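The data block below is coords_17.json; it holds JSON, C-alpha atoms.
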```json
[["chain", "number", "residue", "atom", "x", "y", "z"],
["A", 23, "MET", "CA", 0.00, 0.00, 0.00],
["A", 24, "LYS", "CA", 1.14, 3.53, -0.74],
["A", 25, "SER", "CA", 1.85, 5.62, 2.32],
["A", 26, "GLY", "CA", 0.11, 8.93, 2.71],
["A", 27, "ARG", "CA", -3.09, 7.91, 0.93],
["A", 28, "VAL", "CA", -6.15, 7.60, 3.13],
["A", 29, "SER", "CA", -9.27, 5.49, 3.45],
["A", 30, "PHE", "CA", -10.71, 5.60, 6.96],
["A", 31, "ILE", "CA", -10.57, 7.07, 10.42],
["A", 32, "PRO", "CA", -9.59, 4.87, 13.36],
["A", 33, "LEU", "CA", -11.55, 6.00, 16.40],
["A", 34, "GLY", "CA", -9.55, 8.62, 18.27],
["A", 35, "LEU", "CA", -7.00, 9.20, 15.50],
["A", 36, "ARG", "CA", -4.95, 12.29, 16.33],
["A", 37, "LEU", "CA", -4.48, 15.10, 13.82],
["A", 38, "ASN", "CA", -0.71, 14.87, 14.00],
["A", 39, "GLU", "CA", -0.87, 11.19, 12.99],
["A", 40, "ILE", "CA", -1.95, 12.10, 9.45],
["A", 41, "VAL", "CA", 1.15, 12.19, 7.30],
["A", 42, "ASP", "CA", 1.94, 12.89, 3.68],
["A", 43, "ARG", "CA", 3.80, 10.54, 1.34],
["A", 44, "ARG", "CA", 7.12, 11.56, 2.85],
["A", 45, "GLY", "CA", 5.95, 10.90, 6.39],
["A", 46, "ARG", "CA", 5.54, 14.58, 7.28],
["A", 47, "SER", "CA", 2.64, 15.64, 9.46],
["A", 48, "ILE", "CA", -0.14, 17.37, 7.53],
["A", 49, "CYS", "CA", -2.61, 18.46, 10.21],
["A", 50, "ARG", "CA", -1.19, 20.36, 13.16],
["A", 51, "GLY", "CA", -4.23, 22.49, 13.85],
["A", 52, "ALA", "CA", -7.92, 22.81, 13.15],
["A", 53, "LYS", "CA", -7.50, 24.84, 9.95],
["A", 54, "VAL", "CA", -6.60, 22.69, 6.96],
["A", 55, "PRO", "CA", -6.21, 24.05, 3.40],
["A", 56, "GLU", "CA", -8.83, 23.01, 0.85],
["A", 57, "SER", "CA", -6.22, 21.18, -1.22],
["A", 58, "VAL", "CA", -5.21, 19.12, 1.82],
["A", 59, "ARG", "CA", -8.85, 18.46, 2.63],
["A", 60, "ARG", "CA", -9.45, 17.06, -0.84],
["A", 61, "TYR", "CA", -6.29, 14.99, -0.48],
["A", 62, "LEU", "CA", -7.47, 13.58, 2.82],
["A", 63, "GLN", "CA", -10.82, 12.67, 1.29],
["A", 64, "SER", "CA", -9.23, 10.53, -1.41],
["A", 65, "VAL", "CA", -9.86, 6.80, -1.07],
["A", 66, "GLY", "CA", -7.45, 3.90, -1.00],
["A", 67, "GLY", "CA", -3.90, 3.18, 0.11],
["A", 68, "GLU", "CA", -2.58, 3.62, 3.61],
["A", 69, "ALA", "CA", -5.39, 3.49, 6.11],
["A", 70, "ARG", "CA", -4.74, 6.75, 7.93],
["A", 71, "GLY", "CA", -7.03, 9.64, 7.17],
["A", 72, "LEU", "CA", -10.38, 11.09, 6.49],
["A", 73, "VAL", "CA", -13.59, 10.02, 4.78],
["A", 74, "ALA", "CA", -17.07, 11.48, 5.04],
["A", 75, "LEU", "CA", -18.60, 11.05, 8.47],
["A", 76, "ASN", "CA", -22.36, 10.86, 8.04],
["A", 77, "ARG", "CA", -22.61, 9.60, 11.61],
["A", 78, "VAL", "CA", -19.98, 10.13, 14.30],
["A", 79, "LEU", "CA", -19.42, 6.86, 16.13],
["A", 80, "VAL", "CA", -17.80, 6.53, 19.52],
["A", 81, "SER", "CA", -16.80, 3.54, 21.59],
["A", 82, "GLY", "CA", -18.77, 2.64, 24.69],
["A", 83, "ASP", "CA", -15.93, 3.61, 27.03],
["A", 84, "GLU", "CA", -15.96, 7.15, 25.61],
["A", 85, "VAL", "CA", -19.49, 7.72, 26.93],
["A", 86, "SER", "CA", -20.06, 8.94, 30.47],
["A", 87, "ASP", "CA", -23.58, 9.80, 31.66],
["A", 88, "GLY", "CA", -24.73, 10.39, 28.12],
["A", 89, "LEU", "CA", -21.85, 12.76, 27.32],
["A", 90, "VAL", "CA", -18.87, 12.33, 25.02],
["A", 91, "THR", "CA", -15.87, 14.66, 25.10],
["A", 92, "LEU", "CA", -13.48, 14.73, 22.15],
["A", 93, "ASP", "CA", -10.46, 17.02, 22.43],
["A", 94, "GLY", "CA", -9.13, 19.29, 19.71],
["A", 95, "GLU", "CA", -6.62, 16.73, 18.46],
["A", 96, "ASP", "CA", -9.29, 14.10, 17.78],
["A", 97, "LEU", "CA", -10.04, 13.87, 14.06],
["A", 98, "ARG", "CA", -13.76, 13.37, 14.67],
["A", 99, "ALA", "CA", -13.90, 16.70, 16.49],
["A", 100, "TRP", "CA", -11.94, 18.33, 13.67],
["A", 101, "HIS", "CA", -14.39, 16.88, 11.14],
["A", 102, "VAL", "CA", -17.44, 18.15, 13.03],
["A", 103, "ARG", "CA", -16.01, 21.67, 13.30],
["A", 104, "ASN", "CA", -14.31, 22.06, 9.94],
["A", 105, "ILE", "CA", -16.09, 19.75, 7.51],
["A", 106, "LEU", "CA", -19.62, 19.66, 8.89],
["A", 107, "LYS", "CA", -19.14, 23.21, 10.21],
["A", 108, "VAL", "CA", -21.49, 22.60, 13.12],
["A", 109, "GLU", "CA", -22.04, 25.62, 15.34],
["A", 110, "ASP", "CA", -22.35, 25.64, 19.11],
["A", 111, "GLY", "CA", -25.66, 24.03, 20.03],
["A", 112, "GLY", "CA", -26.01, 22.36, 16.63],
["A", 113, "ARG", "CA", -27.05, 18.75, 16.27],
["A", 114, "ILE", "CA", -25.46, 15.83, 14.47],
["A", 115, "ARG", "CA", -26.08, 12.13, 14.02],
["A", 116, "ALA", "CA", -24.02, 10.02, 16.38],
["A", 117, "GLY", "CA", -23.91, 6.48, 17.70],
["A", 118, "VAL", "CA", -22.11, 4.00, 19.91],
["A", 119, "VAL", "CA", -20.30, 1.19, 18.13],
["A", 120, "ASP", "CA", -22.47, -1.95, 18.45],
["A", 121, "GLY", "CA", -24.94, 0.15, 20.41],
["A", 122, "GLU", "CA", -27.59, 2.86, 20.15],
["A", 123, "LEU", "CA", -28.03, 5.48, 17.45],
["A", 124, "PHE", "CA", -28.62, 9.16, 18.26],
["A", 125, "ASP", "CA", -30.03, 11.36, 15.51],
["A", 126, "GLU", "CA", -30.11, 14.58, 17.58],
["A", 127, "ALA", "CA", -26.81, 14.65, 19.48],
["A", 128, "GLU", "CA", -26.17, 18.22, 20.63],
["A", 129, "VAL", "CA", -22.72, 19.70, 20.02],
["A", 130, "THR", "CA", -20.97, 22.05, 22.41],
["A", 131, "LEU", "CA", -17.78, 23.58, 21.02],
["A", 132, "GLY", "CA", -14.78, 23.70, 23.33],
["A", 133, "GLU", "CA", -12.15, 26.43, 23.49],
["A", 134, "ASP", "CA", -9.37, 23.92, 22.71],
["A", 135, "GLY", "CA", -10.89, 22.96, 19.37],
["A", 136, "GLY", "CA", -12.62, 19.95, 20.84],
["A", 137, "ILE", "CA", -16.32, 19.19, 21.16],
["A", 138, "ARG", "CA", -18.73, 17.73, 23.67],
["A", 139, "LEU", "CA", -21.66, 15.62, 22.51],
["A", 140, "GLU", "CA", -24.84, 15.31, 24.55],
["A", 141, "LEU", "CA", -26.28, 12.16, 23.05],
["A", 142, "GLY", "CA", -29.86, 12.39, 24.33],
["A", 143, "ALA", "CA", -32.42, 9.66, 23.64],
["A", 144, "GLY", "CA", -31.17, 6.82, 21.49],
["A", 145, "VAL", "CA", -32.61, 3.99, 19.46],
["A", 146, "LEU", "CA", -31.20, 0.47, 19.47],
["A", 147, "VAL", "CA", -31.38, -1.04, 15.99],
["A", 148, "ASP", "CA", -31.63, -4.80, 16.38],
["A", 149, "ASP", "CA", -32.06, -5.66, 12.71],
["A", 150, "VAL", "CA", -28.99, -7.34, 11.22],
["A", 151, "PRO", "CA", -28.45, -6.62, 7.50],
["A", 152, "ARG", "CA", -29.94, -9.53, 5.58],
["A", 153, "VAL", "CA", -27.07, -9.96, 3.14],
["A", 154, "ASP", "CA", -23.90, -11.92, 3.87],
["A", 155, "VAL", "CA", -20.72, -12.15, 1.80],
["A", 156, "LEU", "CA", -18.34, -15.05, 1.18],
["A", 157, "LEU", "CA", -15.19, -13.62, -0.34],
["A", 158, "ALA", "CA", -12.08, -15.32, -1.69],
["A", 159, "LEU", "CA", -9.32, -13.15, -0.23],
["A", 160, "PRO", "CA", -8.14, -10.60, -2.84],
["A", 161, "ARG", "CA", -4.83, -8.74, -2.93],
["A", 162, "PRO", "CA", -4.12, -6.75, 0.28],
["A", 163, "GLY", "CA", -4.50, -3.40, -1.48],
["A", 164, "VAL", "CA", -7.95, -4.40, -2.67],
["A", 165, "MET", "CA", -8.97, -5.89, 0.67],
["A", 166, "SER", "CA", -7.95, -2.71, 2.49],
["A", 167, "ARG", "CA", -10.61, -0.84, 0.51],
["A", 168, "MET", "CA", -13.23, -3.55, 0.71],
["A", 169, "TRP", "CA", -13.56, -3.73, 4.50],
["A", 170, "SER", "CA", -15.04, -0.25, 4.80],
["A", 171, "ALA", "CA", -16.98, -0.62, 1.54],
["A", 172, "LEU", "CA", -18.71, -3.78, 2.77],
["A", 173, "ALA", "CA", -19.68, -2.12, 6.04],
["A", 174, "SER", "CA", -21.06, 0.86, 4.10],
["A", 175, "LEU", "CA", -23.13, -1.42, 1.87],
["A", 176, "GLY", "CA", -24.62, -3.17, 4.88],
["A", 177, "VAL", "CA", -23.76, -6.84, 5.48],
["A", 178, "GLY", "CA", -24.33, -9.11, 8.45],
["A", 179, "ASN", "CA", -21.43, -11.50, 8.00],
["A", 180, "ILE", "CA", -18.21, -11.37, 6.02],
["A", 181, "PHE", "CA", -16.59, -14.75, 5.38],
["A", 182, "VAL", "CA", -13.06, -14.44, 3.97],
["A", 183, "VAL", "CA", -11.78, -17.74, 2.62],
["A", 184, "ASN", "CA", -8.92, -19.29, 0.74],
["A", 185, "ALA", "CA", -9.04, -20.52, -2.85],
["A", 186, "TYR", "CA", -6.62, -22.06, -5.32],
["A", 187, "ARG", "CA", -5.92, -18.72, -6.98],
["A", 188, "VAL", "CA", -5.38, -16.88, -3.66],
["A", 189, "GLU", "CA", -1.78, -16.20, -2.63],
["A", 190, "LYS", "CA", -1.32, -17.73, 0.80],
["A", 191, "THR", "CA", 0.81, -14.78, 1.94],
["A", 192, "TYR", "CA", -2.25, -12.51, 1.69],
["A", 193, "PHE", "CA", -3.54, -13.92, 4.99],
["A", 194, "SER", "CA", -0.52, -12.57, 6.88],
["A", 195, "SER", "CA", -0.80, -9.05, 5.48],
["A", 196, "LYS", "CA", -1.43, -6.04, 7.70],
["A", 197, "VAL", "CA", -4.99, -5.57, 6.43],
["A", 198, "MET", "CA", -5.95, -8.93, 7.95],
["A", 199, "ARG", "CA", -5.06, -7.88, 11.49],
["A", 200, "GLU", "CA", -8.06, -7.76, 13.82],
["A", 201, "ASP", "CA", -7.52, -4.14, 14.82],
["A", 202, "GLU", "CA", -7.13, -2.99, 11.21],
["A", 203, "ILE", "CA", -10.28, -4.84, 10.18],
["A", 204, "ARG", "CA", -12.39, -3.38, 12.96],
["A", 205, "GLU", "CA", -11.19, 0.18, 12.34],
["A", 206, "ALA", "CA", -12.02, -0.11, 8.65],
["A", 207, "LEU", "CA", -15.46, -1.58, 9.34],
["A", 208, "VAL", "CA", -16.28, 1.20, 11.82],
["A", 209, "ALA", "CA", -15.18, 3.78, 9.26],
["A", 210, "GLY", "CA", -17.55, 2.24, 6.74],
["A", 211, "LEU", "CA", -20.38, 2.48, 9.23],
["A", 212, "MET", "CA", -19.60, 6.15, 9.86],
["A", 213, "GLN", "CA", -19.65, 6.81, 6.14],
["A", 214, "SER", "CA", -23.01, 5.10, 5.53],
["A", 215, "GLY", "CA", -24.61, 6.65, 8.60],
["A", 216, "CYS", "CA", -27.31, 3.98, 8.84],
["A", 217, "ASP", "CA", -26.25, 1.76, 11.72],
["A", 218, "SER", "CA", -23.54, 1.08, 14.24],
["A", 219, "ARG", "CA", -23.39, -2.72, 14.23],
["A", 220, "VAL", "CA", -19.98, -4.01, 13.16],
["A", 221, "PRO", "CA", -20.32, -6.94, 10.74],
["A", 222, "ASN", "CA", -19.26, -10.36, 12.00],
["A", 223, "VAL", "CA", -16.03, -11.48, 10.34],
["A", 224, "VAL", "CA", -14.87, -15.08, 9.92],
["A", 225, "ILE", "CA", -11.53, -15.86, 8.28],
["A", 226, "SER", "CA", -10.71, -19.36, 7.08],
["A", 227, "LYS", "CA", -7.66, -20.63, 5.21],
["A", 228, "GLN", "CA", -9.50, -23.78, 4.13],
["A", 229, "LEU", "CA", -12.56, -23.38, 1.93],
["A", 230, "LYS", "CA", -13.86, -26.93, 2.30],
["A", 231, "LYS", "CA", -13.45, -26.94, 6.08],
["A", 232, "PHE", "CA", -15.30, -23.63, 6.32],
["A", 233, "LEU", "CA", -18.18, -24.85, 4.17],
["A", 234, "THR", "CA", -18.41, -28.10, 6.12],
["A", 235, "ASP", "CA", -17.94, -26.90, 9.69],
["A", 236, "GLU", "CA", -18.68, -23.18, 9.88],
["A", 237, "LEU", "CA", -21.09, -21.91, 7.23],
["A", 238, "ASP", "CA", -24.34, -23.27, 8.68],
["A", 239, "LYS", "CA", -23.50, -21.76, 12.08],
["A", 240, "HIS", "CA", -23.67, -18.26, 10.64],
["A", 241, "THR", "CA", -26.01, -18.41, 7.64],
["A", 242, "PRO", "CA", -29.00, -20.79, 7.76],
["A", 243, "ARG", "CA", -29.56, -23.28, 4.96],
["A", 244, "GLU", "CA", -32.88, -21.55, 4.28],
["A", 245, "ALA", "CA", -30.95, -18.54, 2.99],
["A", 246, "LEU", "CA", -30.50, -18.15, -0.74],
["A", 247, "ARG", "CA", -26.88, -18.90, -1.57],
["A", 248, "VAL", "CA", -25.58, -17.55, -4.87],
["A", 249, "VAL", "CA", -22.16, -17.36, -6.48],
["A", 250, "GLY", "CA", -21.32, -14.79, -9.12],
["A", 251, "HIS", "CA", -19.97, -16.25, -12.34],
["A", 252, "PRO", "CA", -19.29, -14.66, -15.73],
["A", 253, "GLY", "CA", -21.54, -15.65, -18.62],
["A", 254, "SER", "CA", -24.92, -14.81, -20.08],
["A", 255, "ASP", "CA", -26.44, -18.31, -20.00],
["A", 256, "LEU", "CA", -27.03, -18.23, -16.23],
["A", 257, "LYS", "CA", -29.95, -16.81, -14.32],
["A", 258, "ARG", "CA", -29.73, -13.32, -12.92],
["A", 259, "LEU", "CA", -30.59, -12.61, -9.31],
["A", 260, "SER", "CA", -33.63, -10.62, -10.41],
["A", 261, "GLN", "CA", -35.00, -13.73, -12.13],
["A", 262, "MET", "CA", -34.83, -15.99, -9.09],
["A", 263, "ASN", "CA", -37.90, -16.77, -7.03],
["A", 264, "LEU", "CA", -37.14, -16.00, -3.41],
["A", 265, "GLY", "CA", -40.29, -17.46, -1.91],
["A", 266, "ASP", "CA", -39.89, -17.29, 1.88],
["A", 267, "VAL", "CA", -36.17, -16.49, 1.73],
["A", 268, "LYS", "CA", -35.15, -13.91, 4.36],
["A", 269, "ARG", "CA", -31.39, -13.82, 3.78],
["A", 270, "ILE", "CA", -29.06, -13.93, 0.79],
["A", 271, "LEU", "CA", -25.44, -15.07, 0.87],
["A", 272, "VAL", "CA", -23.37, -13.97, -2.10],
["A", 273, "ALA", "CA", -20.02, -15.58, -2.96],
["A", 274, "ILE", "CA", -17.33, -13.75, -4.91],
["A", 275, "GLY", "CA", -14.32, -15.60, -6.26],
["A", 276, "PRO", "CA", -10.67, -14.62, -6.57],
["A", 277, "GLU", "CA", -9.09, -12.79, -9.47],
["A", 278, "GLY", "CA", -9.27, -15.28, -12.31],
["A", 279, "GLY", "CA", -12.38, -16.89, -10.86],
["A", 280, "TRP", "CA", -13.14, -20.08, -8.97],
["A", 281, "MET", "CA", -11.62, -23.32, -10.21],
["A", 282, "ASP", "CA", -14.12, -25.85, -11.61],
["A", 283, "ARG", "CA", -13.74, -28.08, -8.57],
["A", 284, "GLU", "CA", -14.36, -25.11, -6.26],
["A", 285, "MET", "CA", -17.53, -24.22, -8.17],
["A", 286, "SER", "CA", -18.67, -27.84, -7.81],
["A", 287, "MET", "CA", -17.94, -27.71, -4.09],
["A", 288, "LEU", "CA", -19.91, -24.50, -3.66],
["A", 289, "GLU", "CA", -22.84, -25.93, -5.61],
["A", 290, "GLY", "CA", -22.72, -28.97, -3.32],
["A", 291, "PHE", "CA", -23.36, -26.63, -0.38],
["A", 292, "GLY", "CA", -26.35, -25.00, -2.04],
["A", 293, "PHE", "CA", -24.77, -22.14, -3.96],
["A", 294, "GLN", "CA", -26.48, -21.37, -7.26],
["A", 295, "PRO", "CA", -24.39, -19.75, -10.02],
["A", 296, "ILE", "CA", -25.80, -16.44, -11.21],
["A", 297, "SER", "CA", -24.73, -14.09, -13.96],
["A", 298, "LEU", "CA", -23.50, -10.52, -13.70],
["A", 299, "GLY", "CA", -23.23, -10.33, -17.47],
["A", 300, "GLN", "CA", -20.42, -11.17, -19.84],
["A", 301, "ARG", "CA", -17.94, -8.65, -18.48],
["A", 302, "ALA", "CA", -15.10, -9.80, -16.25],
["A", 303, "LEU", "CA", -15.33, -7.59, -13.17],
["A", 304, "ARG", "CA", -12.79, -6.70, -10.53],
["A", 305, "THR", "CA", -13.41, -8.20, -7.12],
["A", 306, "GLU", "CA", -14.56, -4.97, -5.47],
["A", 307, "VAL", "CA", -16.88, -4.13, -8.38],
["A", 308, "ALA", "CA", -18.46, -7.59, -8.48],
["A", 309, "CYS", "CA", -18.88, -7.56, -4.69],
["A", 310, "ALA", "CA", -20.55, -4.13, -4.61],
["A", 311, "ALA", "CA", -22.84, -5.09, -7.49],
["A", 312, "LEU", "CA", -23.93, -8.39, -5.95],
["A", 313, "VAL", "CA", -24.51, -6.97, -2.47],
["A", 314, "THR", "CA", -26.54, -4.08, -3.88],
["A", 315, "LEU", "CA", -28.61, -6.40, -6.09],
["A", 316, "ALA", "CA", -29.23, -8.72, -3.13],
["A", 317, "HIS", "CA", -30.49, -5.85, -0.95],
["A", 318, "ASP", "CA", -32.71, -4.63, -3.77],
["A", 319, "ARG", "CA", -34.09, -8.13, -4.38],
["A", 320, "LEU", "CA", -34.98, -8.63, -0.73],
["A", 321, "ALA", "CA", -36.57, -5.17, -0.55],
["A", 322, "SER", "CA", -38.69, -5.81, -3.65],
["A", 323, "GLU", "CA", -40.00, -9.06, -2.16],
["A", 324, "CYS", "CA", -41.09, -7.18, 0.98],
["A", 325, "ALA", "CA", -42.72, -4.31, -0.95]]
```

I need this file expressed as structure tokens, please.
Amino acid sequence: MKSGRVSFIPLGLRLNEIVDRRGRSICRGAKVPESVRRYLQSVGGEARGLVALNRVLVSGDEVSDGLVTLDGEDLRAWHVRNILKVEDGGRIRAGVVDGELFDEAEVTLGEDGGIRLELGAGVLVDDVPRVDVLLALPRPGVMSRMWSALASLGVGNIFVVNAYRVEKTYFSSKVMREDEIREALVAGLMQSGCDSRVPNVVISKQLKKFLTDELDKHTPREALRVVGHPGSDLKRLSQMNLGDVKRILVAIGPEGGWMDREMSMLEGFGFQPISLGQRALRTEVACAALVTLAHDRLASECA
């Protein structure tokens, strides 16, 4: 990954931790030039920086008696003051990670550049997104972008598995560390602004073992299981009869696609091949397309 590029905000990231491509600090105060702001809002690369916060999320231990205090060096406070441009007494959408959502959190501006949030009455959203993803691990640079993207799209479970065309060294990359994964997922939730529940993540280096021992524990057999595959002779998701299906699990293969024996294995566990057209798509494009189509299909059945 290229240093200095940005994709998400770890909770509590300090302004002086944002560095340019030469490792020099960019933000040393609340005022940041427009050119730097645009630079910080770019996506991809080293996971240290700024994306749109459509809901400010905090951890449970940052809340005391319904109040949250973020000092002037906290990037979330900087974002509220300088990007959202919230005035004293203004209100923003906030939430507690894996907890309640607050659509009318009141902001008090501090003299040190920090903010205080009075959360007020919250709502606990119990509904888990009804789409799950089984993903053959892509290259680390791609995976670093996909964590936050998947959380933004809204998924309940993310199953990252091995495949013949997956380089085994990918599993030991930095983007597969638990802390990196969680930070990226939380950033995706802040960008979408819809919920605060962090998706469940399961990582397996053995596809067959995962399908045999783990899959049914997380996604019921009653769910519709589909695997994206190039070609125009297959059904599309919009053509499938869902019946009483309440969940959809979409599987996305590695670059170069699933091997024939892997496709046969997936079909043996109930996965139905579906078409996304004749075009060969990159992993992140195919994943975003399938997850979006799955959400739309479930919503149309409920309409």

Report summary line: For Trp169 in chain A, the closest of A:Pro221, A:Gly117, A:Gly299, A:Pro252 counting all atoms listed in the file is A:Pro221

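Only residues having an atom at most 9 Å from (-25.8, 21.9, 22.4) are included; using only C-alpha atoms, these are A:Glu109, A:Asp110, A:Gly111, A:Gly112, A:Arg113, A:Ala127, A:Glu128, A:Val129, A:Thr130, A:Leu131, A:Arg138, A:Leu139, A:Glu140.
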
Query raised in the report: Hey, can you check how far CA of Asn76 in chain A sits from CA of Asp125 in chain A?
Result: 10.7 Å

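Taking CA of Gly82 in chain A as the reference point, CA of Arg269 in chain A is found at 29.5 Å.
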
Using all atoms listed in the file - which residues lie no farther than 10 Å from the point (-22.8, 10.7, 26.9) in the file's frame? Write them as a short mmCIF file (atom, residue, chain, number, x, y, z; two decimals) with C-alpha atoms, in the frame of the given file.
```
data_model
loop_
_atom_site.label_atom_id
_atom_site.label_comp_id
_atom_site.auth_asym_id
_atom_site.auth_seq_id
_atom_site.Cartn_x
_atom_site.Cartn_y
_atom_site.Cartn_z
CA VAL A 80 -17.80 6.53 19.52
CA GLY A 82 -18.77 2.64 24.69
CA ASP A 83 -15.93 3.61 27.03
CA GLU A 84 -15.96 7.15 25.61
CA VAL A 85 -19.49 7.72 26.93
CA SER A 86 -20.06 8.94 30.47
CA ASP A 87 -23.58 9.80 31.66
CA GLY A 88 -24.73 10.39 28.12
CA LEU A 89 -21.85 12.76 27.32
CA VAL A 90 -18.87 12.33 25.02
CA THR A 91 -15.87 14.66 25.10
CA VAL A 118 -22.11 4.00 19.91
CA ALA A 127 -26.81 14.65 19.48
CA ARG A 138 -18.73 17.73 23.67
CA LEU A 139 -21.66 15.62 22.51
CA GLU A 140 -24.84 15.31 24.55
CA LEU A 141 -26.28 12.16 23.05
CA GLY A 142 -29.86 12.39 24.33
#
```

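Shell of Gly121 in chain A at 10 Å, with all atoms listed in the file counted and residues fewer than 2 places along the chain excluded, is Leu79, Val80, Ser81, Gly82, Gly117, Val118, Val119, Leu123, Phe124, Gly144, Val145, Leu146, Val147, Asp148, Asp217, Ser218, Arg219 and Val220 of chain A.
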
Output requested as a short mmCIF file (atom, residue, chain, number, x, y, z; two decimals), keeping the file's coordinate frame - range 187-199 of chain A, filled out with N, CA, C and O atoms.
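part26.cif was written with the following content:
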```
data_model
loop_
_atom_site.label_atom_id
_atom_site.label_comp_id
_atom_site.auth_asym_id
_atom_site.auth_seq_id
_atom_site.Cartn_x
_atom_site.Cartn_y
_atom_site.Cartn_z
N ARG A 187 -6.57 -19.86 -6.36
CA ARG A 187 -5.92 -18.72 -6.98
C ARG A 187 -5.62 -17.59 -5.98
O ARG A 187 -5.32 -16.47 -6.38
N VAL A 188 -5.71 -17.86 -4.70
CA VAL A 188 -5.38 -16.88 -3.66
C VAL A 188 -3.96 -17.13 -3.18
O VAL A 188 -3.59 -18.25 -2.83
N GLU A 189 -3.14 -16.08 -3.17
CA GLU A 189 -1.78 -16.20 -2.63
C GLU A 189 -1.86 -16.38 -1.12
O GLU A 189 -2.49 -15.59 -0.42
N LYS A 190 -1.22 -17.41 -0.63
CA LYS A 190 -1.32 -17.73 0.80
C LYS A 190 -0.75 -16.63 1.68
O LYS A 190 -1.16 -16.45 2.83
N THR A 191 0.21 -15.86 1.15
CA THR A 191 0.81 -14.78 1.94
C THR A 191 -0.17 -13.66 2.23
O THR A 191 0.06 -12.85 3.14
N TYR A 192 -1.26 -13.57 1.47
CA TYR A 192 -2.25 -12.51 1.69
C TYR A 192 -2.82 -12.57 3.12
O TYR A 192 -3.17 -11.53 3.69
N PHE A 193 -2.92 -13.77 3.67
CA PHE A 193 -3.54 -13.92 4.99
C PHE A 193 -2.68 -13.33 6.10
O PHE A 193 -3.17 -13.05 7.19
N SER A 194 -1.40 -13.14 5.86
CA SER A 194 -0.52 -12.57 6.88
C SER A 194 -0.27 -11.09 6.67
O SER A 194 0.56 -10.49 7.36
N SER A 195 -0.99 -10.48 5.74
CA SER A 195 -0.80 -9.05 5.48
C SER A 195 -1.40 -8.21 6.59
O SER A 195 -2.25 -8.66 7.37
N LYS A 196 -0.98 -6.96 6.66
CA LYS A 196 -1.43 -6.04 7.70
C LYS A 196 -2.93 -5.85 7.70
O LYS A 196 -3.55 -5.72 8.76
N VAL A 197 -3.55 -5.85 6.52
CA VAL A 197 -4.99 -5.57 6.43
C VAL A 197 -5.83 -6.70 7.00
O VAL A 197 -7.05 -6.54 7.13
N MET A 198 -5.22 -7.83 7.36
CA MET A 198 -5.95 -8.93 7.95
C MET A 198 -5.81 -8.97 9.47
O MET A 198 -6.31 -9.90 10.11
N ARG A 199 -5.15 -7.96 10.04
CA ARG A 199 -5.06 -7.88 11.49
C ARG A 199 -6.40 -7.47 12.07
O ARG A 199 -7.12 -6.65 11.48
#
```
